[in-house]
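Below is one structure, written out as structure tokens; comments come after it.
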Amino acid sequence: MLRVKIGGLALKSPVIMMSGIFSYGEIDLKYLDYSQIGAVVTKTITLEPKEGNPQPRIWEAGSGMLNSIGLQNPGISAFVSRHLPGIMERGVTTIVSISGQDSGEVVRMIEILLREGVKAVEINLSCPNVHRDKPMVSQSAEMTYRLIKDSKSASGNMLLIAKLSPNVTDIAEIAVAAEQAGAGALSLINTVKGLCVDIEGRRIVEGGYSGPPIKPVGLKAVYEVFRKVKVPLIGIGGIEKGRDALEYILAGASAVGVGSGFFSNPGLPGEICSAVKDFILANKFKSIRYIAGLFNEKEENSSGKKKRN
Amino acid sequence: MESKNLKIKGIEDLSAGHWLLELENSFSEKPMPGQFIHIKVAPFFLRRPFSIAGCDRDKVTILFRVAGEGSQVLSHARKGDVLSVIGPLGTPFPLRKRWKKAFLVAGGTGAAPLFFLSGELAGQKKDILFFYGARDKSNIMFRMLPAGIDFIFSTDDGSYGEKGLITGALDSCLKGGFLPDVIYAGGPRGLLKEVAGFAEKFCIPAFVSLENRMACGTGLCYGCVTKIRTREGWEYKRVCKDGPVFSASDVAWEED
């Protein structure tokens, strides 16, 4: 009932542990029931090792948090030798998150991961914490199109998921560009650029904002993009309770991404499965695929298909 | 590591804004000195990490000082309330049979994990000298001091024990030729850095309990990292997972 397909990737549940909140999937969380998890997205890997940003990396703000980790990672070679074999063995569907300074770097990483048998990558086009002075790739439809197009030509049967930023005028325009270039699914949304003022410490703290307050921003993105593209959407942002995830699915998401809400609520994956299942049963549907976008009627002139995975 | 809803067995107002919170111990894994628990304090989004200050079969104890909104709200919790807790987390203080004589060095609320450790060491019949420094007498948690252990106290204003920093008392002891087999320390970064310097000078193994802002508390997010020495220089390691207890000689103090 909860099985979903994202591109060619079959997941046993719509719950995806998103990039940056689950390390490389190597940590054995004894309190987590892995049967409730459809897939794990690794922390973002870059071609070369990255030491990451200085402290403070975490800042509580309102009812959410800012983070500025800065893509700390050991680089793709160390990732492939040190972490990948372990996570492949675990049997949890793993999506590797990658980020590059240009298409060339991304393509090189895709080639390496393809050789290792990785079935899906999420291309992080939207990290707000590296090169704050430069635009993110997903802030330009043209740059997004070019990077995904180049990646597609090197990726064979691998599923390419594009992770987009909410910090744009029209996210649907970027989403369409990613789809046209060959993205097989879209992750919406990455964190929202934010800033806190530490009065006692007399400093500014910048980062990506996550947590319950960004749920309406993520829902709006999913709602708008669903009307313009055919590829499945992974809805992310502010999911802290089971019902939050159901809202994303009804608005148009085929699967949902769990982010920092998991830190606050470790029972979240199970709660999501229950909430979605309860809705399906109560409304007499057969499976989750019939409720993805249920409350989101596509415009007449859109080319979107009615039934989705 | 487990995720539990634990009932508060007792909460006590100590002096100078310090609170003692006792939670039922239903962990299947035995918490070790140096480890911490990650507590959800509603309505705040991020959990708060607290060193375990004591533990027996029935209860896990934490000691905290009201320092911000989270600890303020937690201080209003009542006996019988239930808290969502993840734990026990992090690396414990290492113990070795050959380390028979131990110095424990604590500054302020950084003493919390050392109270737990001192009880454990006393149970193993180790020879312990506990250096405990605080701002003033009211900031010394007499309620937490285990029996049968020798203490040296210091306060900034001289209201109890020696006047000055606790590292001064430690220094005189070491200079006097009274050397332990191991040093364990908790407290402000400056204190830990000084302890690391003494340990290096006198060639004594030393372990420090570090603190940082945390999000996940379980090694997932890399938010709480600190600089740890490598052959080439340093790299960021997670306080929550690779620590919070580190060998004093591994911490890249020079990068502060």
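Residue names in the structure tokens use chain letters A, B, ... in the order shown, residue numbers from 1 in each chain, and ligand numbers from 1 in the order shown.
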
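The environment of segment 152-161 of chain B within 6 Å, counting only C-alpha atoms and disregarding residues fewer than 2 places along the same chain, consists of B:Phe131, B:Tyr132, B:Gly133, B:Ala134, B:Arg135, B:Asp136, B:Lys137, B:Lys163, B:Gly164, B:Ile166.
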
Would you please give, as a PDB file with C-alpha atoms, in the first residue's frame, all residues of segment 13-243 of chain B that DSSP assigns to alpha helix (DSSP H) based on the backbone?
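Final output, out34.pdb:
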ATOM      1  CA  GLU B  69      15.432  29.565  27.352  1.00  0.00           C
ATOM      2  CA  GLY B  70      15.695  25.775  27.125  1.00  0.00           C
ATOM      3  CA  SER B  71      17.193  25.257  30.567  1.00  0.00           C
ATOM      4  CA  GLN B  72      14.766  27.842  31.942  1.00  0.00           C
ATOM      5  CA  VAL B  73      11.764  25.828  30.720  1.00  0.00           C
ATOM      6  CA  LEU B  74      13.323  22.558  31.878  1.00  0.00           C
ATOM      7  CA  ALA B 112      28.676  17.168  36.075  1.00  0.00           C
ATOM      8  CA  PRO B 113      30.258  14.193  34.254  1.00  0.00           C
ATOM      9  CA  LEU B 114      33.083  14.104  36.801  1.00  0.00           C
ATOM     10  CA  PHE B 115      30.657  13.548  39.676  1.00  0.00           C
ATOM     11  CA  PHE B 116      29.497  10.405  37.885  1.00  0.00           C
ATOM     12  CA  LEU B 117      33.094   9.417  37.110  1.00  0.00           C
ATOM     13  CA  SER B 118      34.300   9.962  40.677  1.00  0.00           C
ATOM     14  CA  GLY B 119      31.625   7.601  42.005  1.00  0.00           C
ATOM     15  CA  GLU B 120      32.636   4.954  39.479  1.00  0.00           C
ATOM     16  CA  LEU B 121      36.359   5.335  40.269  1.00  0.00           C
ATOM     17  CA  ALA B 122      35.690   5.258  44.010  1.00  0.00           C
ATOM     18  CA  GLY B 123      33.805   1.997  43.504  1.00  0.00           C
ATOM     19  CA  ILE B 166      41.438  25.649  40.030  1.00  0.00           C
ATOM     20  CA  THR B 167      44.242  25.175  37.511  1.00  0.00           C
ATOM     21  CA  GLY B 168      46.480  27.119  39.904  1.00  0.00           C
ATOM     22  CA  ALA B 169      45.888  24.511  42.614  1.00  0.00           C
ATOM     23  CA  LEU B 170      46.477  21.735  40.090  1.00  0.00           C
ATOM     24  CA  ASP B 171      49.708  23.354  38.962  1.00  0.00           C
ATOM     25  CA  SER B 172      51.113  23.603  42.498  1.00  0.00           C
ATOM     26  CA  CYS B 173      50.258  19.983  43.146  1.00  0.00           C
ATOM     27  CA  LEU B 174      51.969  18.784  39.970  1.00  0.00           C
ATOM     28  CA  LYS B 175      54.983  21.043  40.542  1.00  0.00           C
ATOM     29  CA  ARG B 189      37.483  25.593  27.212  1.00  0.00           C
ATOM     30  CA  GLY B 190      40.230  27.700  28.835  1.00  0.00           C
ATOM     31  CA  LEU B 191      40.446  25.339  31.806  1.00  0.00           C
ATOM     32  CA  LEU B 192      40.604  22.270  29.569  1.00  0.00           C
ATOM     33  CA  LYS B 193      43.298  23.841  27.436  1.00  0.00           C
ATOM     34  CA  GLU B 194      45.407  24.568  30.508  1.00  0.00           C
ATOM     35  CA  VAL B 195      44.924  21.025  31.804  1.00  0.00           C
ATOM     36  CA  ALA B 196      46.042  19.727  28.399  1.00  0.00           C
ATOM     37  CA  GLY B 197      49.193  21.837  28.717  1.00  0.00           C
ATOM     38  CA  PHE B 198      50.013  20.426  32.176  1.00  0.00           C
ATOM     39  CA  ALA B 199      49.348  16.873  31.000  1.00  0.00           C
ATOM     40  CA  GLU B 200      51.743  17.314  28.115  1.00  0.00           C
ATOM     41  CA  LYS B 201      54.425  18.895  30.334  1.00  0.00           C
TER      42      LYS B 201
END

TODO: Output the contact residues of chain B with respect to chain A at a cut-off of 8 Å, based on only C-alpha atoms, as an NGL selection string.
DONE: :B and (1-3 or 40 or 43-47 or 213-216 or 219-225 or 235-236)

The selected residues should be written to file as a JSON list (two decimals), in the first residue's frame (atoms: C-alpha atoms).
[["chain", "number", "residue", "atom", "x", "y", "z"],
["B", 1, "MET", "CA", 21.57, 4.43, 22.19],
["B", 2, "GLU", "CA", 17.81, 4.38, 22.66],
["B", 3, "SER", "CA", 14.90, 6.78, 22.32],
["B", 40, "LYS", "CA", 13.51, 17.34, 24.07],
["B", 43, "PRO", "CA", 8.32, 23.74, 22.68],
["B", 44, "PHE", "CA", 11.89, 24.13, 21.47],
["B", 45, "PHE", "CA", 12.86, 22.47, 18.20],
["B", 46, "LEU", "CA", 16.36, 21.30, 19.04],
["B", 47, "ARG", "CA", 17.05, 18.83, 21.82],
["B", 213, "ARG", "CA", 25.80, 23.24, 20.28],
["B", 214, "MET", "CA", 24.23, 20.09, 18.90],
["B", 215, "ALA", "CA", 21.38, 19.22, 16.57],
["B", 216, "CYS", "CA", 21.19, 15.43, 16.13],
["B", 219, "GLY", "CA", 26.66, 11.70, 14.67],
["B", 220, "LEU", "CA", 24.27, 12.28, 11.78],
["B", 221, "CYS", "CA", 24.52, 15.99, 11.03],
["B", 222, "TYR", "CA", 28.11, 17.19, 11.69],
["B", 223, "GLY", "CA", 26.83, 20.31, 13.44],
["B", 224, "CYS", "CA", 28.84, 20.04, 16.67],
["B", 225, "VAL", "CA", 32.31, 19.49, 15.21],
["B", 235, "GLU", "CA", 40.17, 17.97, 10.89],
["B", 236, "TYR", "CA", 36.65, 18.49, 12.16]]

TODO: Find, counting only C-alpha atoms, the residue in B:Ile86, B:Pro188, B:Ala77, B:Leu21 that gets nearest to Asn5 of chain B.
DONE: B:Ile86

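Picture a line from atom CA of Gly184 of chain A to atom CA of Gly270 of chain A; it runs 26.7 Å.
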
Can you tell me, as a JSON list (two decimals) with C-alpha atoms, in the first residue's frame, what residues are no more than 6 Å from Leu246 of chain A when counting only C-alpha atoms, ignoring any on the same chain fewer than 3 positions away?
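The result, stored in selection.json:
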[["chain", "number", "residue", "atom", "x", "y", "z"],
["A", 243, "ARG", "CA", 0.27, 14.51, 9.05],
["A", 249, "ILE", "CA", 1.51, 13.86, -0.68],
["A", 276, "VAL", "CA", -0.55, 7.90, 5.13]]

Task: Long-range neighbours of segment 127-144 of chain A as a ChimeraX atom specification, 9 Å cut-off, only C-alpha atoms, 2 positions minimum in chain - done: /A:52-53,67-71,99,124-125,146-149,162-169,171,173-178,181,190-193,206-208

Task: Residue list (strand (DSSP E), DSSP) for segment 60-173 of chain B, as an MDAnalysis selection string - done: chainID B and resid 60:65 82:89 101:107 127:134 150:155 162:163

Open item on the list: I'd like the neighbourhood of Phe295 of chain A as a list in words, where a residue qualifies if any of its atoms comes within 8 Å (using only C-alpha atoms), though same-chain residues fewer than 5 positions away should be ignored.
Closed with: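 Here the qualifying residues turn out to be Leu250, Ala251 and Gly252 of chain A.
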
Output of the above residues as a tab-separated table (two decimals), in the first residue's frame, restricted to N, CA and C atoms:
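Result file is again24.tsv:
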chain	number	residue	atom	x	y	z
A	250	LEU	N	-0.69	14.84	-0.55
A	250	LEU	CA	-1.96	15.32	-1.11
A	250	LEU	C	-1.74	16.53	-2.03
A	251	ALA	N	-0.68	17.29	-1.75
A	251	ALA	CA	-0.37	18.47	-2.58
A	251	ALA	C	0.37	18.11	-3.85
A	252	GLY	N	0.90	16.87	-3.92
A	252	GLY	CA	1.55	16.47	-5.16
A	252	GLY	C	2.83	15.67	-5.04

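For the pair atom CA of Ile189 of chain A and atom CA of Leu113 of chain A, the separation is 24.1 Å.
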
- [ ] For Leu63 of chain B, list every protein, DNA or RNA residue within 10 Å, evaluated using only C-alpha atoms, and leave out those in the same chain fewer than 2 positions away; present the list as an MDAnalysis selection string.
- [x] chainID B and resid 11:12 14 18:22 50:54 61 65 109:113 115 141 144

- [ ] Identify which of the residues A:Val229, A:Gly237, A:Arg202, A:Ser153 lies closest to Val217 of chain A, counting only C-alpha atoms when measuring atom-to-atom distances.
- [x] A:Gly237

Open item on the list: Which residues are near Gln36 of chain A? Cut-off 7 Å, only C-alpha atoms, ignore same chain within fewer than 5 positions. Put them as a list of chain:residue names.
Closed with: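 The neighbour list is A:Ser13, A:Pro269, A:Gly270, A:Cys273.
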
- [ ] Return the single residue from A:Leu294, A:Val92, A:Pro74, A:Glu48 that is closest to Ile16 of chain A, with distances computed using only C-alpha atoms.
- [x]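 For Ile16 of chain A, the nearest of the given residues is A:Val92.
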
TODO: Figure out the distance between atom CA of Gly156 of chain A and atom CA of Leu114 of chain A, please, to one decimal in Å.
DONE: 8.0 Å
